[in-house]
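First comes the structure, then the notes that go with it.
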Amino acid sequence: MPRKPIVGGNWKCNPATQKDVRALLSAWTQDESKSSWDTDKVDVVIFPPALWLTDVKSEGMAIGAQNVSKTGSGAFTGEWTAEAILDLGLSWTLVGHSERRSKYGETDEDTAEKIAKCQEAGLNVVFCIGESLEEREGGKTDEVNKRQLAAILPKVKDWSKIVIAYEPVWAIGTGKVATPEQAQEAQAAIRAYLKTAVSAQVADDMRIQYGGS
């Protein structure tokens, strides 16, 4: 059975104001050719900043959070849990984005704990992996991707709740993009690793995206 394509849009920390969010949504939804699709054929998920989640949700789009806590509820100021995301009526979150890793010190162990919480709650995850320019030039692309994936393997019980986004760090916000050949080579290596480390079925079923900006 062919894998169902998935398209995700990470808004990062944009737009700056609620007014700008509503203007963007208005412009986008007015063009039916851009704002409608066959949900039986493709999954489309938007990841806006947390403060704009309910604004975007009101437009009927599939919405995800950009981050999720590695904890449950409690004395964790500034965090939001997998259960809270689901309670908002959302079904997706990002985990492991390179900006979370590089700018906020998120480790492989942190991503593993977040995956565990999402699995317990039943929340879908786009799990982001990828190498820096230095690592690519050093021939370490596969090594980095395998290390980041290996951290979460023991935590995943339901692989149907995971999508892998291969997002080389050097292609995010730099104006550079990986060639189709580079992206396909990395994705093939990821699939081969999953076949060895998990199972042939999981490897075959896994949806692997390319991401960059």
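Scheme for the structure tokens: letters A, B, ... for chains in order shown; per-chain residue numbers from 1; ligand numbers from 1 in order shown.
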
task = Find the residues around range 27-44 of chain A up to 8 Å (only C-alpha atoms counted), leave out those fewer than 5 positions away in its own chain, and share them as a list in words.
result = Lys4, Pro5, Ile6, Val7, Gly8, Met61 and Ala62 of chain A

Can you write just those residues out, N, CA and C atoms, as a tab-separated table (two decimals), in the first residue's frame?
```tsv
chain	number	residue	atom	x	y	z
A	4	LYS	N	0.88	7.54	2.42
A	4	LYS	CA	0.11	8.76	2.22
A	4	LYS	C	1.03	9.97	2.38
A	5	PRO	N	1.12	10.84	1.38
A	5	PRO	CA	2.00	12.01	1.51
A	5	PRO	C	1.55	12.92	2.65
A	6	ILE	N	2.51	13.61	3.22
A	6	ILE	CA	2.22	14.60	4.26
A	6	ILE	C	3.02	15.86	3.98
A	7	VAL	N	2.37	17.00	4.10
A	7	VAL	CA	3.00	18.31	3.91
A	7	VAL	C	2.84	19.10	5.19
A	8	GLY	N	3.92	19.62	5.71
A	8	GLY	CA	3.87	20.40	6.94
A	8	GLY	C	4.45	21.78	6.76
A	61	MET	N	-8.14	23.94	9.66
A	61	MET	CA	-6.95	23.26	9.17
A	61	MET	C	-6.43	22.27	10.20
A	62	ALA	N	-5.67	21.28	9.74
A	62	ALA	CA	-4.98	20.39	10.68
A	62	ALA	C	-3.84	21.18	11.30
```

task = For Gln187 in chain A, please output as a VMD selection string all residues within 8 Å (counting only C-alpha atoms; exclusion window: fewer than 3 positions along the same chain).
result = chain A and resid 166 183 to 184 190 to 191 208

Residue selection dump (C-alpha atoms) as an mmCIF file, in the first residue's frame:
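Result file is part.cif:
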```cif
data_model
loop_
_atom_site.group_PDB
_atom_site.id
_atom_site.type_symbol
_atom_site.label_atom_id
_atom_site.label_comp_id
_atom_site.auth_asym_id
_atom_site.auth_seq_id
_atom_site.Cartn_x
_atom_site.Cartn_y
_atom_site.Cartn_z
ATOM 1 C CA TYR A 166 14.996 15.011 7.475
ATOM 2 C CA ALA A 183 17.736 14.450 0.153
ATOM 3 C CA GLN A 184 16.889 11.096 -1.427
ATOM 4 C CA ILE A 190 17.252 6.516 7.149
ATOM 5 C CA ARG A 191 14.887 3.887 5.776
ATOM 6 C CA ILE A 208 9.994 10.598 5.592
#
```

task = Mind checking which residues fall within 7 Å of Leu133 in chain A, counting only C-alpha atoms, ignoring those fewer than 2 positions away in the same chain, and posting them as a ChimeraX atom specification?
result = /A:131,135-137,169-170

Output for the residues just chosen: C-alpha atoms as a PDB file, in the first residue's frame:
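That gives us out.pdb:
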```pdb
ATOM      1  CA  GLU A 131      23.171  17.314  10.260  1.00  0.00           C
ATOM      2  CA  GLU A 135      28.973  17.369   9.866  1.00  0.00           C
ATOM      3  CA  ARG A 136      27.957  16.988   6.226  1.00  0.00           C
ATOM      4  CA  GLU A 137      31.342  18.166   4.997  1.00  0.00           C
ATOM      5  CA  VAL A 169      20.579  22.239   9.552  1.00  0.00           C
ATOM      6  CA  TRP A 170      22.586  23.915   6.800  1.00  0.00           C
TER       7      TRP A 170
END
```

request  = May I ask for the distance between CA of Gly74 in chain A and CA of Asp158 in chain A, given in Å to one decimal place?
outcome  = 26.1 Å

task = Determine which residues of chain A receive a DSSP assignment of alpha helix (DSSP H), computed from the backbone, and state them as a ChimeraX atom specification.
result = /A:18-30,32-35,53-57,82-87,98-104,108-121,133-137,141-152,180-197,200-205

key: Top pick for closest residue to Lys57 in chain A, considering A:Leu90, A:Glu185, A:Ile162, A:Ser73 and counting only C-alpha atoms   =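 Among A:Leu90, A:Glu185, A:Ile162, A:Ser73, it is A:Leu90 that comes nearest to Lys57 in chain A.
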
ask   = Distance CA of Gly9 in chain A-CA of Thr93 in chain A, one decimal place?
value =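 These atoms are spaced 11.7 Å apart.
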
Quick one: which range 73-186 of chain A residues come within 8 Å of range 203-207 of chain A, and what is the nearest atom pair for each with the distance in Å to one decimal, counting only C-alpha atoms, rows ordered by chain and ascending number, as JSON lines?
```
{"residue": "A:Trp159", "atom": "CA", "partner": "A:Met206", "partner_atom": "CA", "distance": 7.7}
{"residue": "A:Ser160", "atom": "CA", "partner": "A:Met206", "partner_atom": "CA", "distance": 7.6}
{"residue": "A:Ile162", "atom": "CA", "partner": "A:Met206", "partner_atom": "CA", "distance": 7.7}
{"residue": "A:Val163", "atom": "CA", "partner": "A:Arg207", "partner_atom": "CA", "distance": 5.3}
{"residue": "A:Ile164", "atom": "CA", "partner": "A:Arg207", "partner_atom": "CA", "distance": 6.4}
```

key: Lys157 in chain A environment, 12 Å, only C-alpha atoms, sequence neighbours closer than 2 positions dropped, as a count of residues only   = 18

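Among A:Trp11, A:Phe127, A:Tyr193, A:Phe47, the residue with the shortest atom-to-atom distance to Ala65 in chain A, counting only C-alpha atoms, is A:Phe47.
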
query = Quick one: distance from CA of Val177 in chain A to CA of Gly211 in chain A in Å, one decimal?
reply = 9.1 Å

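Shortest separation to Ala16 in chain A among A:Tyr104, A:Trp52, A:Trp80, A:Tyr210 occurs at residue A:Trp52, atoms counted being only C-alpha atoms.
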
ask   = With only C-alpha atoms as the atoms that count, which of A:Glu109, A:Asp55, A:Glu134, A:Asp20 lies nearest to Leu149 in chain A?
value =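 Among the listed residues, A:Glu109 lies closest to Leu149 in chain A.
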